[in-house]
Every structure is written in structure tokens, then in C-alpha cells.
Amino acid sequence: MTVYHTAPQPLSGRSDVEDGPSAKRVYHYVQNNAPNAILGFACDVGVNRNKGRLGAKQGPTAIRRALANLAAPRTLIPFTDLGDIEVEGDDLELGQDTLAQHVSQALLQHNRLIVLGGGHETAYGSFLGLRLAYPEKRIGIINLDAHLDLRNIGENGPSSGTPFNQIRKLDPKGFDYLCLGAAKESNSEALFARAKDWGVNIVFDTDLLADPYCAKAIIDALISRSDIVYLTVDIDLLPHYQAPGVSAPAIRGVAFTTVEFIISQILSACKAFGKPLPLADFVEVSPPHDKDDLTAKCAAILALPLMSSNE
Ligand SMILES: N=CN[C@@H](CCC(=O)O)C(=O)O
Ligand SMILES: [Mn+2]
Ligand SMILES: [Mn+2]
């Protein structure tokens with residue numbers, strides 16, 4: 001019943017030596033003291049407390065495995081694997097504090113950190129770490145998610161449904177949160193009313209499906225008024241046939257190619273406005289519910305542009 005840090009295992013994948021030195025896979029780019037880093041948060045407590053289907057604890061291992069074997073784009077930046085924070089038992093709060101410490105340390109040493117969840121409770125630990133590293137900065141939060149995750153803390157305590165409610169409590173005036181992909185049928189009127197009260201910007205899944213460009217102005221506005229950007233990607237945003245391995249699969253969902261396009265819009269806007277994006281996370285991958293590792297693969301491929309130079 002504790003929280004511990006496990007050292008990284010060597011990453012592996014296909015070897016194509018017969019095709020020459022440029023036939024590289026992502027695992028070839030793992031280095032010590034590299035510009036970027038990845039860190040796992042192996043935790044099921046948030047999903048359990050949120051009455052979901054367990055399995056997110058195995059997310060970091062599955063995403064890493066999928067990532068390691070992808071063909072490396074020419075623009076991929078070397079990265080350090082910082083291992084996993086593992087939460088055994090029910091002490092989510094200790095897990096999130098431990099994650100925060102590791103995130104803030106990592107941000108001192110790396111330009112960008114990608115955290116592999118875990119359920120969406122990962123976001124509270126990630127954000128605490130970002131705030132520790134950048135206490136004076138205005139942080140713009142972009143959540144790609146079918147869910148607002150603004151639930152009040154109930155008798156079970158903080159969960160995978162409460163992270164942005166908890167983040168707002170840290171600094172209600174500074175709370176600047178954009179949720180892209182929310183599904184009307186997956187969020188109660190109470191949550192939408194709370195979002196309105198708190199000035200949350202929402203772009204619905206249906207709007208993104210009708211026009212992938214529809215979020216551009218709202219993304220640009222958030223990034224231009226922030227000092228730094230925190231991107232959190234809940235993979236349950238994707239439709240169930242692309243991301244079956246989640247606690248709460250989406251019927252409609254926002255298609256993979258649209259999510260990919262939105263991430264490219266976010267990275268382009270960060271570049272255009274000169275705003276760093278030091279931290280991103282990919283959460284809610286639940287390998288026991290996955291099919292052919294599709295969901296882990298979605299997360300891995302979506303992470304690639306964040307791990308590459310934005311030419
Ligand atoms: N990260 C969690 N999100 C959802 C889960 C919904 C469900 O289990 O149906 C939420 O709390 O709204
Ligand atoms: Mn979520
Ligand atoms: Mn979700």
C-alpha cells in the first residue's frame with residue numbers, strides 16, 4: 001500500500017538493420033539527459049473511485065511499448081525515459097504529490113515532459129508539478145476529452161472525474177481551461193452549469209466533427225493570453241472503434257485524424273505566439289479493454305508530434 005518509483009526498462013522494437021542507418025524506430029532515440037522525457041503514472045485509483053472499469057494502471061507500459069516500435073520521423077527529438085510512479089493501494093493523494101515532485105524535477109532538466117497515465121487523476125499531479133516548476137506563470141489548460149472532469153469531490157475523494165475542479169481550487173481567478181471534444185450525453189447539466197460559472201471554454205465533439213477548423217480561434221485566444229500551455233489528452237475522446245481500451249468508450253467520438261489535426265493546430269499556435277508547451281499527458285488508456293493495442297497505438301502516434309521538432 002504505497003507509492004514507488006520504478007526505474008525504466010530498456011525499450012525495444014523491430015530492427016531493420018538491412019535497410020540502413022535511417023531505418024530508425026522510436027526506441028533508438030532513448031538517451032540519458034535528452035531534451036525531452038517521458039514518465040509513467042501507473043494508477044487505477046482515480047478510475048476506481050470514479051466507478052469506472054479498472055485497467056489504466058497498465059497504461060504506461062502499453063503506451064511505451066506502442067511508442068517504442070513506431071517508425072521514427074526525421075524530426076524526432078531524443079528523449080529520456082524516467083520510469084514510472086506506481087500507486088499501490090488507495091493513496092491517490094500521495095501518488096499525485098509524488099508525481100508532482102517528479103514532474104517539477106523533470107521540467108528543470110528537460111524542455112518537454114510527456115506523462116503517460118493512469119486515469120485522468122494523472123492531470124492533477126501533472127498540473128501540480130508544472131505549477132511547482134513555473135509558480136509565476138499563467139498556465140493555459142487544453143483538455144482533449146469527451147468529459148469535462150469538473151466533478152465535485154464526493155465521499156470517495158478525488159478521482160479521475162475531478163482533476164479540473166481541483167486545479168481550479170488552487171487559483172480560481174487564474175483558472176483558464178479549454179475542453180475540446182466534450183460530448184453532450186456524457187456530461188450532466190450540473191457539470192455544464194459549473195463550466196459556465198467558471199468561464200470554461202468548450203468545443204463540442206459534434207462541432208469538431210462538422211468542422212475541424214472550428215476550434216482555431218478559441219485555441220489561439222487561450223494560447224495567446226497564457227504564458228505556458230499544458231495539454232492533456234484523454235484518449236476516450238476517440239470513437240470506440242479507434243480507442244476501445246478505455247473505461248468509458250465513446251460512441252460518436254472525435255476521429256483520430258481530427259484529434260491529430262487539433263494537436264497540430266495547438267503546436268502551430270504555440271510556435272506562432274512563442275508560448276512553450278512544457279508538459280503534456282496521455283491518459284485513460286486501459287489495456288485490459290483494448291483490442292490489438294489500438295488504443296495504446298492511438299496515444300503513441302498522437303504523442304509523436306509533441307516529441308518532434310515543429311518544422
Ligand atoms: N475521467 C473520467 N471521466 C468520466 C467517466 C465517465 C464514465 O465512467 O461514464 C467522468 O467522470 O465523467
Ligand atoms: Mn477525462
Ligand atoms: Mn474522458
# chains A, B, ... in the order shown; residues from 1 in each chain; ligands from 1

$ closest_atom_pairs --of "stretch 246-309 of chain A" --to "stretch 131-137 of chain A" --cutoff "12 Å" --atoms "only C-alpha atoms" --output "JSON lines"
{"residue": "A:Lys275", "atom": "CA", "partner": "A:Lys137", "partner_atom": "CA", "distance": 11.1}
{"residue": "A:Pro276", "atom": "CA", "partner": "A:Lys137", "partner_atom": "CA", "distance": 11.0}
{"residue": "A:Leu277", "atom": "CA", "partner": "A:Tyr134", "partner_atom": "CA", "distance": 11.9}
{"residue": "A:Pro278", "atom": "CA", "partner": "A:Tyr134", "partner_atom": "CA", "distance": 10.1}
{"residue": "A:Leu279", "atom": "CA", "partner": "A:Arg131", "partner_atom": "CA", "distance": 10.8}

$ write_last_selection --atoms "C-alpha atoms" --output "short mmCIF file (atom, residue, chain, number, x, y, z; two decimals), in the first residue's frame"
data_model
loop_
_atom_site.label_atom_id
_atom_site.label_comp_id
_atom_site.auth_asym_id
_atom_site.auth_seq_id
_atom_site.Cartn_x
_atom_site.Cartn_y
_atom_site.Cartn_z
CA LYS A 275 4.41 30.11 -25.97
CA PRO A 276 6.11 27.00 -24.56
CA LEU A 277 4.22 23.76 -24.07
CA PRO A 278 6.47 22.09 -21.46
CA LEU A 279 4.03 19.40 -20.35
#

$ residues_near_ligand --ligand "ligand 3" --cutoff "10 Å" --atoms "only C-alpha atoms and all ligand atoms" --output "compact mmCIF listing (two decimals) with N, CA and C atoms, in the first residue's frame"
# COMPACT_ATOMS: atom_id res chain seq x y z
N GLY A 119 -5.44 7.04 -15.08
CA GLY A 119 -6.69 7.70 -15.40
C GLY A 119 -6.48 9.22 -15.40
N HIS A 120 -7.59 9.96 -15.53
CA HIS A 120 -7.40 11.41 -15.65
C HIS A 120 -7.03 12.09 -14.34
N ASN A 143 -7.70 20.57 -22.62
CA ASN A 143 -8.05 19.17 -22.39
C ASN A 143 -8.81 18.63 -23.60
N LEU A 144 -8.26 17.63 -24.26
CA LEU A 144 -8.97 16.95 -25.34
C LEU A 144 -9.69 15.77 -24.72
N ASP A 145 -11.02 15.84 -24.63
CA ASP A 145 -11.73 14.89 -23.77
C ASP A 145 -13.23 14.90 -24.10
N ALA A 146 -13.85 13.73 -23.99
CA ALA A 146 -15.32 13.67 -24.07
C ALA A 146 -15.96 14.20 -22.80
N HIS A 147 -15.15 14.33 -21.74
CA HIS A 147 -15.68 14.68 -20.41
C HIS A 147 -15.05 15.97 -19.89
N LEU A 148 -15.83 16.73 -19.14
CA LEU A 148 -15.30 17.98 -18.57
C LEU A 148 -14.40 17.71 -17.37
N ASP A 149 -14.66 16.61 -16.66
CA ASP A 149 -13.87 16.24 -15.46
C ASP A 149 -13.82 17.38 -14.45
N SER A 160 -10.71 10.31 -11.01
CA SER A 160 -10.41 10.65 -12.40
C SER A 160 -11.44 11.63 -12.97
N GLY A 161 -12.54 11.87 -12.25
CA GLY A 161 -13.57 12.79 -12.72
C GLY A 161 -13.45 14.19 -12.14
N GLY A 181 -13.93 18.68 -27.42
CA GLY A 181 -14.45 17.35 -27.71
C GLY A 181 -15.51 16.85 -26.75
N ALA A 182 -15.98 17.71 -25.85
CA ALA A 182 -16.99 17.27 -24.87
C ALA A 182 -18.24 16.76 -25.60
N ALA A 183 -18.76 15.65 -25.07
CA ALA A 183 -19.98 15.07 -25.64
C ALA A 183 -21.16 15.44 -24.73
N SER A 186 -22.46 12.85 -22.30
CA SER A 186 -21.51 12.30 -21.33
C SER A 186 -21.22 13.25 -20.17
N ASN A 187 -21.91 14.39 -20.15
CA ASN A 187 -21.70 15.37 -19.08
C ASN A 187 -23.06 15.89 -18.64
N VAL A 233 -4.50 14.92 -22.87
CA VAL A 233 -5.28 14.20 -23.88
C VAL A 233 -5.89 12.95 -23.22
N ASP A 234 -7.21 12.98 -23.07
CA ASP A 234 -7.93 11.80 -22.58
C ASP A 234 -8.34 10.99 -23.80
N ILE A 235 -7.78 9.81 -23.92
CA ILE A 235 -7.92 9.03 -25.15
C ILE A 235 -9.37 8.57 -25.36
N ASP A 236 -10.22 8.70 -24.32
CA ASP A 236 -11.63 8.33 -24.51
C ASP A 236 -12.40 9.35 -25.35
N LEU A 237 -11.70 10.40 -25.77
CA LEU A 237 -12.24 11.34 -26.76
C LEU A 237 -12.47 10.64 -28.10
N LEU A 238 -11.63 9.66 -28.41
CA LEU A 238 -11.71 8.99 -29.71
C LEU A 238 -12.90 8.04 -29.74
N VAL A 246 -10.60 1.83 -23.06
CA VAL A 246 -10.78 2.92 -22.09
C VAL A 246 -11.86 2.49 -21.11
N SER A 247 -12.01 3.25 -20.04
CA SER A 247 -13.08 2.94 -19.09
C SER A 247 -14.45 3.28 -19.66
N ALA A 248 -14.52 4.43 -20.36
CA ALA A 248 -15.82 4.90 -20.87
C ALA A 248 -15.72 5.14 -22.38
N PRO A 249 -15.96 4.10 -23.20
CA PRO A 249 -15.80 4.27 -24.66
C PRO A 249 -16.83 5.24 -25.24
N ALA A 250 -16.42 5.99 -26.27
CA ALA A 250 -17.30 6.97 -26.90
C ALA A 250 -18.00 6.35 -28.11
N VAL A 283 -3.88 10.09 -21.14
CA VAL A 283 -4.48 9.37 -20.02
C VAL A 283 -5.63 8.48 -20.47
N GLU A 284 -5.99 7.58 -19.56
CA GLU A 284 -7.17 6.71 -19.68
C GLU A 284 -6.99 5.53 -20.64

$ atom_distance --atom1 "atom CA of A:Ile251" --atom2 "atom CA of A:Asp205"
11.0 Å

$ select_by_dssp --residues "stretch 178-268 of chain A" --states "strand (DSSP E)" --output "PyMOL selection string"
chain A and resi 178-182+201-204+228-234

$ select_by_dssp --residues "stretch 86-237 of chain A" --states "alpha helix (DSSP H)" --output "short mmCIF file (atom, residue, chain, number, x, y, z; two decimals) with C-alpha atoms, in the first residue's frame"
data_model
loop_
_atom_site.label_atom_id
_atom_site.label_comp_id
_atom_site.auth_asym_id
_atom_site.auth_seq_id
_atom_site.Cartn_x
_atom_site.Cartn_y
_atom_site.Cartn_z
CA LEU A 92 -4.14 8.67 -4.65
CA GLU A 93 -3.20 11.91 -2.92
CA LEU A 94 0.29 10.59 -2.12
CA GLY A 95 0.54 9.32 -5.69
CA GLN A 96 -0.37 12.72 -7.14
CA ASP A 97 2.07 14.52 -4.80
CA THR A 98 4.82 12.10 -5.80
CA LEU A 99 4.01 12.62 -9.48
CA ALA A 100 4.12 16.39 -8.94
CA GLN A 101 7.59 16.20 -7.39
CA HIS A 102 8.91 14.11 -10.28
CA VAL A 103 7.24 16.35 -12.89
CA SER A 104 8.72 19.53 -11.40
CA GLN A 105 12.19 17.94 -11.20
CA ALA A 106 11.92 16.69 -14.78
CA LEU A 107 10.89 20.13 -16.02
CA LEU A 108 14.12 21.58 -14.59
CA GLN A 109 16.11 19.18 -16.77
CA THR A 122 -2.96 12.00 -13.60
CA ALA A 123 -3.77 15.57 -14.64
CA TYR A 124 -3.94 16.88 -11.07
CA GLY A 125 -0.46 15.53 -10.26
CA SER A 126 0.90 16.74 -13.62
CA PHE A 127 -0.53 20.22 -13.10
CA LEU A 128 0.78 20.47 -9.51
CA GLY A 129 4.25 19.65 -10.83
CA LEU A 130 4.00 22.22 -13.61
CA ARG A 131 2.93 24.86 -11.09
CA LEU A 132 5.84 23.98 -8.81
CA ALA A 133 8.24 24.42 -11.72
CA PRO A 163 -8.98 16.95 -11.71
CA PHE A 164 -10.03 20.31 -13.23
CA ASN A 165 -12.31 21.09 -10.28
CA GLN A 166 -9.29 20.51 -8.01
CA ILE A 167 -7.00 22.58 -10.25
CA ARG A 168 -9.45 25.49 -10.18
CA LYS A 169 -9.46 25.43 -6.37
CA LEU A 170 -5.71 26.14 -6.40
CA GLU A 189 -26.35 19.67 -16.88
CA ALA A 190 -24.77 20.25 -13.45
CA LEU A 191 -21.31 19.98 -15.00
CA PHE A 192 -22.18 22.25 -17.91
CA ALA A 193 -23.62 24.84 -15.48
CA ARG A 194 -20.44 24.66 -13.39
CA ALA A 195 -18.32 25.07 -16.51
CA LYS A 196 -20.33 28.17 -17.43
CA ASP A 197 -19.97 29.66 -13.94
CA ASP A 205 -17.37 16.80 -30.37
CA THR A 206 -20.18 17.42 -32.88
CA ASP A 207 -18.74 20.82 -33.81
CA LEU A 208 -15.24 19.38 -34.33
CA LEU A 209 -16.67 16.62 -36.49
CA ALA A 210 -18.55 19.13 -38.63
CA LYS A 216 -8.86 27.52 -34.13
CA ALA A 217 -9.94 30.93 -32.81
CA ILE A 218 -10.60 29.63 -29.30
CA ILE A 219 -7.27 27.73 -29.23
CA ASP A 220 -5.40 30.81 -30.48
CA ALA A 221 -7.09 33.02 -27.89
CA LEU A 222 -6.20 30.75 -24.96
CA ILE A 223 -2.60 30.28 -26.08
CA SER A 224 -2.02 33.97 -26.78
CA ARG A 225 -3.20 35.01 -23.28
#

$ closest_atom_pairs --of "stretch 236-305 of chain A" --to "stretch 70-83 of chain A" --cutoff "12 Å" --atoms "only C-alpha atoms" --output "tab-separated table"
residue	atom	partner	partner_atom	distance
A:Ala296	CA	A:Leu70	CA	11.6
A:Lys297	CA	A:Leu70	CA	8.8
A:Cys298	CA	A:Leu70	CA	11.2
A:Ala299	CA	A:Leu70	CA	11.6
A:Ala300	CA	A:Leu70	CA	8.1
A:Ile301	CA	A:Leu70	CA	7.8
A:Leu302	CA	A:Leu70	CA	11.4
A:Ala303	CA	A:Leu76	CA	10.9
A:Leu304	CA	A:Leu76	CA	7.5
A:Pro305	CA	A:Leu76	CA	8.0

$ write_last_selection --atoms "N, CA and C atoms" --output "tab-separated table (two decimals), in the first residue's frame"
chain	number	residue	atom	x	y	z
A	296	ALA	N	-3.57	2.03	-27.26
A	296	ALA	CA	-2.19	2.41	-26.91
A	296	ALA	C	-1.50	3.01	-28.14
A	297	LYS	N	-1.78	2.45	-29.29
A	297	LYS	CA	-1.18	2.95	-30.53
A	297	LYS	C	-1.69	4.36	-30.85
A	298	CYS	N	-2.99	4.57	-30.64
A	298	CYS	CA	-3.52	5.93	-30.85
A	298	CYS	C	-2.76	6.93	-29.98
A	299	ALA	N	-2.61	6.61	-28.70
A	299	ALA	CA	-1.91	7.54	-27.79
A	299	ALA	C	-0.47	7.75	-28.26
A	300	ALA	N	0.18	6.66	-28.64
A	300	ALA	CA	1.59	6.75	-29.05
A	300	ALA	C	1.75	7.62	-30.30
A	301	ILE	N	0.89	7.43	-31.29
A	301	ILE	CA	1.02	8.20	-32.54
A	301	ILE	C	0.67	9.66	-32.29
A	302	LEU	N	-0.31	9.91	-31.42
A	302	LEU	CA	-0.65	11.30	-31.11
A	302	LEU	C	0.47	12.00	-30.33
A	303	ALA	N	1.26	11.20	-29.59
A	303	ALA	CA	2.37	11.80	-28.81
A	303	ALA	C	3.54	12.19	-29.71
A	304	LEU	N	3.66	11.54	-30.86
A	304	LEU	CA	4.86	11.76	-31.70
A	304	LEU	C	5.11	13.22	-32.08
A	305	PRO	N	4.10	13.97	-32.54
A	305	PRO	CA	4.38	15.38	-32.88
A	305	PRO	C	4.87	16.20	-31.70

$ closest_residue --among "A:Leu54, A:Val3, A:Val115, A:Leu150" --to "ligand 2" --atoms "only C-alpha atoms and all ligand atoms"
A:Leu150

$ closest_residue --among "A:Val45, A:Asp16, A:Ala23, A:Ala243" --to "ligand 1" --atoms "only C-alpha atoms and all ligand atoms"
A:Val45

$ closest_residue --among "A:Lys24, A:Gly46, A:Gln58, A:Ala7" --to "ligand 2" --atoms "only C-alpha atoms and all ligand atoms"
A:Gly46

$ closest_residue --among "A:Ile262, A:Val285, A:Leu267, A:Val26" --to "A:Ile63" --atoms "only C-alpha atoms"
A:Val285

$ closest_residue --among "A:His289, A:Arg151, A:Arg252, A:Lys173" --to "ligand 2" --atoms "only C-alpha atoms and all ligand atoms"
A:Arg151
